[in-house]
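The file coords-v8.txt contains compact mmCIF, C-alpha atoms and all ligand atoms:
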```txt
# COMPACT_ATOMS: atom_id res chain seq x y z
CA MET A 144 -4.82 24.56 2.34
CA ALA A 145 -6.76 26.29 5.10
CA ASN A 146 -4.40 29.26 5.09
CA PRO A 147 -2.51 29.66 1.81
CA SER A 148 -0.09 32.20 3.25
CA THR A 149 1.29 29.71 5.77
CA PRO A 150 3.84 27.31 4.33
CA PRO A 151 2.57 23.79 4.76
CA VAL A 152 4.29 21.55 7.23
CA ILE A 153 3.94 17.95 6.27
CA ALA A 154 4.46 15.10 8.63
CA SER A 155 4.55 11.47 7.79
CA TRP A 156 5.08 8.34 9.80
CA ALA A 157 8.00 6.19 8.91
CA LEU A 158 8.27 2.60 10.00
CA ALA A 159 9.38 3.33 13.53
CA SER A 160 9.69 7.06 13.58
CA LEU A 161 7.79 10.26 13.18
CA VAL A 162 9.30 12.35 10.42
CA GLU A 163 8.53 15.97 9.97
CA CYS A 164 9.57 18.35 7.25
CA SER A 165 8.71 21.79 6.05
CA SER A 166 9.02 23.28 2.61
CA THR A 167 10.81 26.31 4.02
CA ALA A 168 12.51 25.30 7.24
CA THR A 169 15.31 22.77 7.59
CA PRO A 170 13.63 19.38 7.82
CA SER A 171 13.44 18.17 11.39
CA THR A 172 12.92 14.65 12.58
CA SER A 173 11.45 13.32 15.74
CA GLN A 174 11.43 9.66 16.57
CA ALA A 175 8.69 7.85 18.43
CA PRO A 176 6.53 4.75 18.00
CA PHE A 177 3.78 5.39 15.45
CA LYS A 178 1.18 4.03 17.84
CA ASP A 179 2.03 6.59 20.55
CA PRO A 180 -1.01 8.97 20.73
CA ALA A 181 0.81 11.66 22.75
CA LYS A 182 3.63 11.84 20.19
CA ILE A 183 1.14 11.87 17.32
CA ARG A 184 -0.60 14.85 18.96
CA GLU A 185 2.77 16.55 19.39
CA LEU A 186 3.55 16.00 15.72
CA ALA A 187 0.12 17.27 14.70
CA ALA A 188 0.64 20.42 16.80
CA SER A 189 3.67 21.33 14.68
CA SER A 190 2.13 20.36 11.33
CA SER A 191 -0.61 21.48 8.98
CA VAL A 192 -0.92 18.21 7.06
CA LEU A 193 -0.39 14.69 8.33
CA THR A 194 0.15 11.72 6.07
CA VAL A 195 1.43 8.18 6.44
CA GLU A 196 3.81 5.77 4.84
CA ILE A 197 2.60 2.79 6.82
CA GLU A 198 -1.03 2.11 7.64
CA HIS A 199 -0.68 0.58 11.11
CA ILE A 200 -1.03 3.92 12.91
CA ASP A 201 -3.23 4.56 15.96
CA THR A 202 -6.41 5.77 14.23
CA LYS A 203 -8.31 6.70 17.40
CA VAL A 204 -6.05 9.68 17.99
CA LEU A 205 -6.21 10.61 14.28
CA GLU A 206 -10.00 10.56 14.46
CA GLU A 207 -9.90 12.86 17.51
CA ILE A 208 -7.45 15.27 15.86
CA ASP A 209 -9.57 15.29 12.72
CA ALA A 210 -12.74 16.11 14.69
CA GLU A 211 -11.36 18.49 17.30
CA GLY A 212 -8.01 19.75 16.01
CA VAL A 213 -5.05 20.01 18.39
CA GLN A 214 -4.34 22.39 21.24
CA ILE A 215 -1.40 24.71 20.67
CA THR A 216 -0.03 27.66 22.55
CA GLY A 217 -0.38 30.86 20.54
CA PRO A 218 2.28 33.64 20.40
CA ASP A 219 0.48 35.41 23.27
CA GLY A 220 0.79 32.30 25.44
CA ALA A 221 -2.93 31.50 25.24
CA ALA A 222 -4.12 28.00 24.30
CA THR A 223 -5.86 27.78 20.94
CA THR A 224 -7.14 24.98 18.76
CA LYS A 225 -5.53 24.31 15.40
CA LYS A 226 -7.10 22.33 12.55
CA VAL A 227 -4.87 19.70 11.01
CA SER A 228 -5.57 18.06 7.71
CA ILE A 229 -5.13 14.26 7.74
CA HIS A 230 -4.76 12.40 4.42
CA PRO A 231 -5.67 9.71 3.71
CA SER A 232 -8.52 9.78 6.20
CA TRP A 233 -8.30 7.79 9.47
CA ARG A 234 -11.43 5.99 8.11
CA THR A 235 -9.43 4.52 5.25
CA LEU A 236 -6.53 3.62 7.54
CA ARG A 237 -8.85 1.94 10.05
CA LEU A 238 -10.57 -0.05 7.34
CA VAL A 239 -7.33 -1.14 5.67
CA GLN A 240 -5.71 -2.08 8.99
CA ASP A 241 -8.11 -4.99 9.26
CA LYS A 242 -7.67 -7.04 6.07
CA PHE A 243 -10.84 -9.03 6.72
CA ASP A 244 -12.99 -5.90 7.21
CA GLN A 245 -11.28 -4.35 4.20
CA LYS A 246 -12.36 -7.16 1.91
CA GLU A 247 -15.85 -7.40 3.42
CA TYR A 248 -16.25 -3.71 2.62
CA LEU A 249 -14.93 -4.09 -0.93
CA SER A 250 -17.21 -7.04 -1.51
CA SER A 251 -20.21 -5.05 -0.23
CA GLN A 252 -19.31 -2.38 -2.81
CA GLY A 253 -19.39 -4.89 -5.66
CA ILE A 254 -15.59 -5.26 -5.96
CA PRO A 255 -14.47 -8.83 -6.75
CA VAL A 256 -12.40 -10.41 -3.94
CA ALA A 257 -11.50 -13.97 -2.89
CA ASP A 258 -14.00 -15.69 -0.53
CA GLN A 259 -13.08 -15.42 3.13
CA ILE A 260 -14.37 -16.54 6.51
CA SER A 261 -13.41 -15.56 10.00
CA ILE A 262 -11.39 -18.06 12.08
CA LYS A 263 -12.35 -18.52 15.72
CA THR A 264 -9.56 -18.57 18.27
CA GLY A 265 -9.77 -18.75 22.06
CA SER A 266 -8.60 -22.29 22.72
CA ASP A 267 -6.66 -24.82 20.63
CA ALA A 268 -9.79 -26.97 20.22
CA ILE A 269 -11.96 -24.03 19.08
CA MET A 270 -9.34 -22.94 16.59
CA GLU A 271 -8.77 -26.45 15.24
CA SER A 272 -12.46 -26.93 14.58
CA SER A 273 -12.58 -23.52 12.86
CA LEU A 274 -9.56 -24.47 10.72
CA LYS A 275 -11.33 -27.68 9.78
CA GLU A 276 -14.46 -25.77 8.85
CA ALA A 277 -12.41 -23.48 6.57
CA SER A 278 -10.72 -26.53 4.99
CA ASP A 279 -14.12 -28.12 4.30
CA LYS A 280 -15.33 -24.89 2.72
CA PHE A 281 -12.27 -24.04 0.61
CA GLY A 282 -10.40 -27.33 0.15
CA PHE A 283 -6.59 -27.36 0.36
CA PRO A 284 -4.61 -25.24 0.00
CA TRP A 285 -6.05 -22.10 1.51
CA MET A 286 -4.43 -19.05 3.10
CA LEU A 287 -4.60 -18.27 6.82
CA LYS A 288 -4.14 -14.54 7.37
CA SER A 289 -3.79 -12.32 10.39
CA ARG A 290 -6.42 -9.57 10.21
CA LYS A 291 -4.04 -6.91 11.54
CA ASP A 292 -0.43 -5.73 11.58
CA SER A 293 0.66 -7.82 8.63
CA TYR A 294 2.95 -6.76 5.81
CA ASP A 295 5.53 -8.43 3.59
CA GLY A 296 3.70 -11.70 4.19
CA ARG A 297 4.36 -11.62 7.95
CA GLY A 298 0.92 -12.76 8.98
CA ASN A 299 0.16 -15.24 6.15
CA LEU A 300 0.35 -19.03 6.36
CA LYS A 301 -0.49 -21.34 3.48
CA ILE A 302 -2.52 -24.27 4.83
CA SER A 303 -1.78 -27.23 2.56
CA GLY A 304 -3.28 -29.94 4.74
CA PRO A 305 -4.28 -30.87 8.32
CA THR A 306 -0.60 -31.24 9.24
CA ASP A 307 -0.34 -27.43 9.06
CA PHE A 308 -2.99 -26.96 11.77
CA GLU A 309 -0.49 -27.35 14.61
CA LEU A 310 1.72 -24.54 13.30
CA ALA A 311 -1.38 -22.44 12.61
CA VAL A 312 -2.56 -22.80 16.20
CA LYS A 313 0.92 -22.07 17.53
CA ASP A 314 1.55 -18.97 15.40
CA PHE A 315 -1.97 -17.57 14.98
CA GLY A 316 -3.76 -18.82 18.13
CA SER A 317 -3.32 -15.52 19.95
CA LEU A 318 -4.27 -13.39 16.92
CA SER A 319 -7.47 -12.37 15.26
CA CYS A 320 -7.35 -14.13 11.91
CA TYR A 321 -9.32 -15.34 8.90
CA ALA A 322 -9.25 -17.88 6.11
CA GLU A 323 -9.04 -16.92 2.47
CA ARG A 324 -9.72 -19.11 -0.53
CA TRP A 325 -6.52 -19.93 -2.43
CA VAL A 326 -6.38 -18.02 -5.71
CA PRO A 327 -4.51 -20.01 -8.39
CA PHE A 328 -3.55 -16.80 -10.11
CA GLU A 329 -1.80 -16.49 -13.47
CA CYS A 330 -0.11 -13.33 -12.32
CA GLU A 331 -0.42 -10.45 -9.89
CA LEU A 332 -1.01 -6.88 -11.00
CA ALA A 333 -1.00 -3.65 -9.04
CA VAL A 334 -2.00 -0.10 -9.79
CA MET A 335 -1.35 3.13 -7.95
CA VAL A 336 -4.35 5.44 -8.02
CA VAL A 337 -4.64 9.08 -6.97
CA ARG A 338 -7.81 10.16 -5.17
CA THR A 339 -8.81 13.75 -4.56
CA GLU A 340 -12.03 14.93 -2.96
CA ASP A 341 -14.19 18.02 -2.53
CA ALA A 342 -14.76 19.86 0.76
CA GLU A 343 -17.57 17.43 1.66
CA GLY A 344 -15.31 14.44 1.12
CA ASN A 345 -16.94 13.33 -2.13
CA THR A 346 -14.61 11.79 -4.71
CA LYS A 347 -13.44 14.51 -7.09
CA ARG A 348 -10.75 12.89 -9.22
CA VAL A 349 -9.51 9.35 -9.50
CA ILE A 350 -6.36 9.11 -11.64
CA PRO A 351 -4.66 5.74 -12.14
CA PHE A 352 -0.99 5.17 -12.87
CA PRO A 353 0.00 2.45 -15.35
CA VAL A 354 -0.77 -1.10 -14.27
CA VAL A 355 2.32 -3.10 -13.29
CA GLU A 356 3.01 -6.79 -12.79
CA THR A 357 4.30 -7.75 -9.35
CA ILE A 358 6.25 -10.86 -8.41
CA HIS A 359 6.18 -12.02 -4.80
CA GLU A 360 8.74 -14.39 -3.33
CA ASP A 361 7.88 -15.76 0.12
CA ASN A 362 4.92 -13.34 0.17
CA VAL A 363 7.26 -10.37 -0.36
CA CYS A 364 7.17 -8.23 -3.49
CA SER A 365 10.58 -8.76 -5.10
CA LYS A 366 10.13 -7.57 -8.71
CA VAL A 367 7.86 -5.21 -10.58
CA PHE A 368 7.48 -5.16 -14.37
CA TYR A 369 6.05 -2.48 -16.60
CA PRO A 370 4.43 -3.19 -18.92
CA PRO A 371 3.09 -6.43 -17.39
CA ARG A 372 4.47 -9.47 -19.23
CA GLY A 373 2.03 -11.61 -21.15
CA VAL A 374 -1.05 -9.76 -19.93
CA ALA A 375 -3.65 -8.89 -22.56
CA PRO A 376 -4.21 -5.12 -22.83
CA GLU A 377 -7.92 -5.59 -22.01
CA VAL A 378 -7.00 -7.42 -18.76
CA ALA A 379 -4.60 -4.61 -17.79
CA GLN A 380 -7.37 -2.14 -18.61
CA LYS A 381 -9.83 -4.10 -16.47
CA ALA A 382 -7.30 -4.05 -13.60
CA ARG A 383 -6.98 -0.30 -14.00
CA GLU A 384 -10.75 0.10 -13.83
CA VAL A 385 -11.10 -2.21 -10.83
CA GLY A 386 -8.27 -0.38 -9.04
CA SER A 387 -9.89 2.98 -9.79
CA SER A 388 -13.29 1.85 -8.52
CA VAL A 389 -11.67 0.59 -5.29
CA VAL A 390 -9.99 3.92 -4.66
CA ALA A 391 -13.18 5.86 -5.46
CA LYS A 392 -14.75 4.05 -2.47
CA LEU A 393 -12.11 5.21 0.03
CA TRP A 394 -11.83 8.38 2.09
CA GLY A 395 -9.24 11.14 1.97
CA ARG A 396 -6.72 12.34 -0.56
CA GLY A 397 -3.50 10.67 -1.64
CA VAL A 398 -2.12 7.79 -3.65
CA PHE A 399 -3.34 4.28 -2.99
CA ALA A 400 -1.97 0.94 -4.21
CA VAL A 401 -4.44 -1.74 -5.24
CA GLU A 402 -2.97 -5.26 -5.40
CA MET A 403 -4.82 -7.73 -7.62
CA PHE A 404 -4.79 -11.34 -8.76
CA VAL A 405 -5.47 -12.28 -12.40
CA THR A 406 -6.97 -15.73 -12.91
CA SER A 407 -6.54 -17.96 -15.96
CA LYS A 408 -9.96 -16.78 -17.18
CA GLY A 409 -8.76 -13.18 -17.10
CA ASP A 410 -10.82 -12.33 -14.01
CA VAL A 411 -9.39 -9.69 -11.71
CA LEU A 412 -9.74 -10.11 -7.93
CA VAL A 413 -8.57 -7.48 -5.46
CA ASN A 414 -6.06 -8.77 -2.91
CA GLU A 415 -5.54 -5.68 -0.78
CA ILE A 416 -5.10 -1.93 -0.62
CA GLY A 417 -1.93 -0.06 0.40
CA PRO A 418 -3.17 3.43 1.37
CA ARG A 419 0.11 5.20 0.63
CA PRO A 420 3.06 5.24 -1.77
CA HIS A 421 3.89 1.59 -2.33
CA ASN A 422 6.71 -0.58 -3.61
CA SER A 423 4.70 -1.38 -6.76
CA GLY A 424 4.76 2.36 -7.54
CA HIS A 425 8.47 3.03 -7.07
CA LEU A 426 9.22 2.70 -10.76
CA SER A 427 7.04 5.76 -11.38
CA ILE A 428 10.05 7.86 -10.30
CA GLU A 429 11.74 7.03 -13.61
CA ALA A 430 8.95 5.54 -15.70
CA VAL A 431 6.13 8.07 -15.41
CA PRO A 432 7.19 11.42 -16.85
CA TYR A 433 6.55 14.36 -14.51
CA MET A 434 4.48 12.42 -11.98
CA SER A 435 6.10 9.97 -9.60
CA GLN A 436 3.89 8.42 -6.93
CA PHE A 437 5.66 10.67 -4.39
CA LYS A 438 4.93 13.86 -6.31
CA ALA A 439 1.33 12.64 -6.70
CA GLN A 440 1.10 12.04 -2.94
CA LEU A 441 2.31 15.56 -2.15
CA THR A 442 0.10 17.11 -4.81
CA ALA A 443 -2.95 15.26 -3.48
CA ILE A 444 -2.46 15.80 0.25
CA LEU A 445 -1.71 19.50 -0.28
CA ASP A 446 -4.80 19.76 -2.50
CA GLU A 447 -2.74 21.19 -5.32
CA PRO A 448 -4.23 20.77 -8.81
CA PHE A 449 -3.42 17.82 -11.05
CA PRO A 450 -3.17 18.63 -14.77
CA GLU A 451 -6.64 19.44 -16.11
CA GLY A 452 -8.09 16.72 -18.29
CA THR A 453 -5.58 14.04 -17.21
CA ARG A 454 -7.57 10.84 -16.82
CA SER A 455 -4.57 8.58 -16.24
CA PHE A 456 -0.79 8.82 -16.03
CA CYS A 457 1.13 7.18 -18.83
CA GLY A 458 4.25 5.11 -18.52
CA LEU A 459 7.36 5.10 -20.68
CA LYS A 460 5.75 3.09 -23.45
CA LYS A 461 3.82 6.16 -24.52
CA ALA A 462 6.81 8.47 -24.10
CA LYS A 463 9.58 6.48 -25.73
CA SER A 464 10.94 9.48 -27.54
CA MET A 465 12.15 10.91 -24.23
CA PHE A 466 14.51 8.02 -23.66
CA SER A 467 17.44 6.68 -25.62
CA ARG A 468 17.70 2.98 -26.51
CA LYS A 469 20.37 2.38 -23.93
CA ILE A 470 19.47 0.75 -20.63
CA SER A 471 19.58 2.98 -17.57
CA VAL A 472 20.04 1.70 -14.03
CA TYR A 473 18.79 3.66 -11.01
CA PRO A 474 19.73 2.37 -7.56
CA HIS A 475 17.71 3.75 -4.62
CA LEU A 476 18.86 3.26 -1.04
CA TYR A 477 16.44 4.30 1.70
CA GLY A 478 19.05 5.02 4.36
CA LYS A 479 17.56 2.35 6.61
CA GLU A 480 19.49 0.17 8.97
CA SER A 481 19.86 -3.30 7.50
CA LYS A 482 17.91 -6.09 9.23
CA PRO A 483 16.98 -9.57 7.99
CA GLY A 484 13.93 -9.39 5.72
CA ARG A 485 13.83 -5.59 5.70
CA LYS A 486 13.60 -3.71 2.42
CA ILE A 487 16.38 -1.15 2.41
CA GLY A 488 16.35 -0.12 -1.23
CA HIS A 489 15.39 -0.96 -4.77
CA ILE A 490 16.87 -0.72 -8.27
CA THR A 491 14.92 0.44 -11.33
CA LEU A 492 16.06 -0.29 -14.88
CA THR A 493 14.57 1.46 -17.87
CA GLY A 494 15.16 1.09 -21.58
CA SER A 495 13.18 1.07 -24.78
CA CYS A 496 14.02 -2.60 -25.31
CA SER A 497 12.13 -5.78 -24.50
CA ILE A 498 11.34 -6.61 -20.88
CA ALA A 499 13.28 -9.89 -21.34
CA GLU A 500 16.35 -7.88 -22.37
CA LEU A 501 15.99 -5.63 -19.32
CA GLU A 502 15.52 -8.62 -17.06
CA SER A 503 18.63 -10.39 -18.32
CA TYR A 504 20.60 -7.14 -17.97
CA ALA A 505 19.36 -6.94 -14.36
CA GLN A 506 20.29 -10.55 -13.58
CA PRO A 507 23.72 -9.86 -12.00
CA LEU A 508 22.13 -7.17 -9.81
CA ILE A 509 19.34 -9.54 -8.76
CA ALA A 510 21.94 -12.23 -7.96
CA LEU A 511 23.93 -9.72 -5.91
CA ALA A 512 20.85 -8.60 -3.96
CA ASP A 513 19.89 -12.26 -3.37
CA SER A 514 23.37 -13.09 -2.10
CA MET A 515 23.26 -10.13 0.31
CA ARG A 516 19.87 -11.26 1.60
CA LYS A 517 21.09 -14.75 2.43
P1 LIG B 601 2.07 -6.54 1.74
O1 LIG B 601 3.54 -6.40 2.06
O2 LIG B 601 1.78 -6.43 0.27
O3 LIG B 601 1.20 -5.70 2.59
P2 LIG B 601 0.82 -8.77 3.10
O4 LIG B 601 1.64 -9.26 4.23
O5 LIG B 601 -0.35 -7.91 3.44
O6 LIG B 601 1.74 -8.09 2.02
P3 LIG B 601 -0.76 -10.28 1.18
O7 LIG B 601 -0.78 -9.18 0.21
O8 LIG B 601 -2.03 -10.69 1.83
O9 LIG B 601 0.34 -10.06 2.32
O10 LIG B 601 -0.12 -11.57 0.49
C1 LIG B 601 1.22 -11.58 0.02
C2 LIG B 601 1.31 -12.46 -1.20
O11 LIG B 601 0.89 -13.79 -0.86
C3 LIG B 601 0.37 -12.05 -2.33
O12 LIG B 601 0.90 -10.98 -3.07
C4 LIG B 601 0.28 -13.36 -3.10
O13 LIG B 601 1.46 -13.61 -3.82
C5 LIG B 601 0.19 -14.38 -1.96
N1 LIG B 601 -1.24 -14.57 -1.59
C6 LIG B 601 -1.95 -13.85 -0.71
N2 LIG B 601 -3.22 -14.27 -0.61
C7 LIG B 601 -3.33 -15.31 -1.47
C8 LIG B 601 -4.40 -16.18 -1.83
N3 LIG B 601 -5.60 -16.06 -1.29
N4 LIG B 601 -4.15 -17.13 -2.77
C9 LIG B 601 -2.90 -17.26 -3.32
N5 LIG B 601 -1.86 -16.49 -3.00
C10 LIG B 601 -2.05 -15.51 -2.10
MG MG B 602 -0.64 -5.92 3.18
MG MG B 603 0.12 -7.46 -0.26
```
Transcribe the structure of this file into C-alpha cells.
Amino acid sequence: MANPSTPPVIASWALASLVECSSTATPSTSQAPFKDPAKIRELAASSSVLTVEIEHIDTKVLEEIDAEGVQITGPDGAATTKKVSIHPSWRTLRLVQDKFDQKEYLSSQGIPVADQISIKTGSDAIMESSLKEASDKFGFPWMLKSRKDSYDGRGNLKISGPTDFELAVKDFGSLSCYAERWVPFECELAVMVVRTEDAEGNTKRVIPFPVVETIHEDNVCSKVFYPPRGVAPEVAQKAREVGSSVVAKLWGRGVFAVEMFVTSKGDVLVNEIGPRPHNSGHLSIEAVPYMSQFKAQLTAILDEPFPEGTRSFCGLKKAKSMFSRKISVYPHLYGKESKPGRKIGHITLTGSCSIAELESYAQPLIALADSMRK
C-alpha cells in the first residue's frame, strides 16, 4: 500500500453495480453502470484500491486513473490528486475483453490455443462469404464467437452446417466476431492462479490453485469437480503449468482463472482467461485450507505477503486429515435477484469419499436446481 497507516478502501464492480467497502467503516454501496466513466472516477476518488468481478469495464477511464490518479478535495478545500491502485491492470482487462485479441496474444506468447480467424461483417453478403471461408478452413462444426461482451455462452454459436448461416447473420451481423476451430475435447479443466508483481510490474509470484474439471451445459459452467475425474495426474500437472504460464504473461495483481480444453491425446489448449475470482474457483472456499480464491484476491490486490515458499495451493486431497469421512454440504446464495439464466448461487459438497459417491449424494440437489431453472 502507498500509505500503510491509511486503512485500504477496496472497491469492486459487481454485475450492474459499483460496490465499495472498507475494512474499518461500515460497507457502503453505490449503484451505477460499470461502463459509466464519471461514476468510476467517483468510486476511485473514495477508494485506494480498485478491483473487478467482471471484466467488461470501461478500461479507458481505468487507464487514465492509473496514469494520472483522481482529483479529490482535500480537508482544506483545495483540489489534490490521489493515486489509486488498480488490480488487475486495465491492460489485462482490455486484452481479455476481446476474446480474439486475447487468444492472438496468448498464441504469440507460445501458449497453445485453438485456431481462429476473424469474421467480416458489414453486409449479409460479406458476412456469408466470410462464414463460408471459415467453414472451408475448419470444416463443420466450428464455433462462431462474439469478440466482446460475452459470458455464460451468450455470444457463442455452434455452426454445424450452412443452414446455420442465416441465424449467424441475424444474431452476429451487427457484432465484431470471429470463428474458432471446434475442439473435440475429452474434458475441460480450469485453474485459478495468483499473480503478484514488483514495483516495475514484473511478475513476482505465480501460485496456482488445484486444477479442477468443469462441466458446461449450454455453454454455461454447471458443475466443477476436484480432483478432475479420469484425468491423468501428468495432464492435470500440464494444465497447471499452462495456466501458470498464461497468468505470468498478464499485468497486475490478483487471481485469474484459466479455462482449458484437454484433447484425447492429452494436449491442453487454453480456451479463455477470467481475470478475477471465477465460478471454477468457488470450491476453494471449502476445499483449499486457509486460502480461498477470495482471500487470495484480497491478499494479492492489497500486496500482502503470501506464505513464503508456497509454490501452489493444495486441495483437500492433501489435507484429508482435516475432514471427517462424512459428506458436508455448503449452499451459497449471492443475494442476487433471480432472472432466467442468471447464476444466483452455488452448492459445494466435500467429503473424503469417491467423487462418484459425492455426485450421487448431490443428485437430488442438482435435480432441484434444474427444476427451479426450468
Ligand atoms: P464464460 O462464462 O466462461 O466467460 P463464454 O461465454 O466466454 O463463457 P466460452 O468460454 O468461449 O464462452 O465457451 C463456453 C463453452 O463452450 C466452453 O467452456 C466449451 O464447453 C464450449 N466451447 C467454447 N469454444 C469451443 C470450441 N472451440 N470447441 C468446442 N467447444 C467450445
Ligand atoms: Mg468468457
Ligand atoms: Mg468460458
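Across A:Asp258, A:Asp241, A:Glu323, A:Glu185, the tightest approach to ligand LIG 601 (chain B) is made by A:Glu323 when counting only C-alpha atoms and all ligand atoms.
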Give me the residues near Pro370 (chain A) as a PyMOL selection string, where near means some atom within 9 Å (using all atoms listed in the file) and where sequence neighbours in that chain fewer than 6 positions away do not count.
chain A and resi 353-356+458-460+498
Let me have all residues with an atom within 12 Å of ligand MG 602 (chain B), counting all atoms listed in the file, laid out as a count of residues only.
38
Best match for closeness to Ile444 (chain A) among A:Thr216, A:Thr346, A:Ser232, A:Ser387, counting only C-alpha atoms:
A:Ser232
Given the choices A:Ala499, A:Val336, A:Ile358, A:Ala268, which gets closest to ligand LIG 601 (chain B) if the distance is worked out from only C-alpha atoms and all ligand atoms?
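Using only C-alpha atoms and all ligand atoms, ligand LIG 601 (chain B) sits closest to A:Ile358.
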Could you please determine the separation between CA of Ala210 (chain A) and CA of Lys392 (chain A) in Å, to one decimal place?
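Computing it gives 21.1 Å between the two atoms.
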Kindly indicate which residue among A:Gln174, A:Ser423, A:Ser514, A:Thr224 lies nearest to ligand LIG 601 (chain B), using only C-alpha atoms and all ligand atoms for the distances.
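Closest residue, counting only C-alpha atoms and all ligand atoms: A:Ser423.
In this model, the gap between CA of His359 (chain A) and CA of His230 (chain A) comes to 28.3 Å.
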Between atom O1 of ligand LIG 601 (chain B) and CA of Gly424 (chain A), measure the distance and give it in Å to one decimal.
13.1 Å
Residues within 6 Å of Met335 (chain A), please, as a list of chain:residue names. Count all atoms listed in the file; anything in the same chain fewer than 3 positions from it doesn't count.
A:Pro351, A:Phe352, A:Phe399, A:Ala400
For ligand MG 603 (chain B), which residue among A:Val405, A:Leu332, A:Cys496, A:Leu441 is the nearest when counting all atoms listed in the file?
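Counting all atoms listed in the file, the residue closest to ligand MG 603 (chain B) is A:Leu332.
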Using all atoms listed in the file, which of A:Glu343, A:Glu211, A:Asp219, A:Glu360 sits nearest ligand LIG 601 (chain B)?
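Of A:Glu343, A:Glu211, A:Asp219, A:Glu360, the one nearest ligand LIG 601 (chain B), counting all atoms listed in the file, is A:Glu360.
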Residue contacts of Ala311 (chain A) (9 Å, all atoms listed in the file) excluding same-chain residues fewer than 6 positions away, as a list in words
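Counting all atoms listed in the file, the residues come to Met270, Glu271, Leu274, Leu287, Leu300 and Ile302 of chain A.
Using all atoms listed in the file, the protein and nucleic acid residues lying no more than 6 Å from Thr235 (chain A), apart from those fewer than 3 places from it along its own chain, are Ser232, Leu238, Leu393 and Trp394 of chain A.
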What lies within 12 Å of Ile208 (chain A) using all atoms listed in the file, ignoring chain neighbours under 2 positions off, as a ChimeraX atom specification?
/A:180-181,183-188,190-193,201-206,210-214,224-229,232-233
Got time to write the residues from that selection, C-alpha atoms, as an mmCIF file, keeping the file's coordinate frame?
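See selection-v3.cif below for the written result:
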```
data_model
loop_
_atom_site.group_PDB
_atom_site.id
_atom_site.type_symbol
_atom_site.label_atom_id
_atom_site.label_comp_id
_atom_site.auth_asym_id
_atom_site.auth_seq_id
_atom_site.Cartn_x
_atom_site.Cartn_y
_atom_site.Cartn_z
ATOM 1 C CA PRO A 180 -1.010 8.970 20.730
ATOM 2 C CA ALA A 181 0.810 11.660 22.750
ATOM 3 C CA ILE A 183 1.140 11.870 17.320
ATOM 4 C CA ARG A 184 -0.600 14.850 18.960
ATOM 5 C CA GLU A 185 2.770 16.550 19.390
ATOM 6 C CA LEU A 186 3.550 16.000 15.720
ATOM 7 C CA ALA A 187 0.120 17.270 14.700
ATOM 8 C CA ALA A 188 0.640 20.420 16.800
ATOM 9 C CA SER A 190 2.130 20.360 11.330
ATOM 10 C CA SER A 191 -0.610 21.480 8.980
ATOM 11 C CA VAL A 192 -0.920 18.210 7.060
ATOM 12 C CA LEU A 193 -0.390 14.690 8.330
ATOM 13 C CA ASP A 201 -3.230 4.560 15.960
ATOM 14 C CA THR A 202 -6.410 5.770 14.230
ATOM 15 C CA LYS A 203 -8.310 6.700 17.400
ATOM 16 C CA VAL A 204 -6.050 9.680 17.990
ATOM 17 C CA LEU A 205 -6.210 10.610 14.280
ATOM 18 C CA GLU A 206 -10.000 10.560 14.460
ATOM 19 C CA ALA A 210 -12.740 16.110 14.690
ATOM 20 C CA GLU A 211 -11.360 18.490 17.300
ATOM 21 C CA GLY A 212 -8.010 19.750 16.010
ATOM 22 C CA VAL A 213 -5.050 20.010 18.390
ATOM 23 C CA GLN A 214 -4.340 22.390 21.240
ATOM 24 C CA THR A 224 -7.140 24.980 18.760
ATOM 25 C CA LYS A 225 -5.530 24.310 15.400
ATOM 26 C CA LYS A 226 -7.100 22.330 12.550
ATOM 27 C CA VAL A 227 -4.870 19.700 11.010
ATOM 28 C CA SER A 228 -5.570 18.060 7.710
ATOM 29 C CA ILE A 229 -5.130 14.260 7.740
ATOM 30 C CA SER A 232 -8.520 9.780 6.200
ATOM 31 C CA TRP A 233 -8.300 7.790 9.470
#
```
Show me the residues close to (-3.2, -22.3, 4.7) - anything with an atom within 12 Å, counting all atoms listed in the file - and format the list as a PyMOL selection string.
chain A and resi 262+274-275+277-278+281-289+298-312+315+320-326
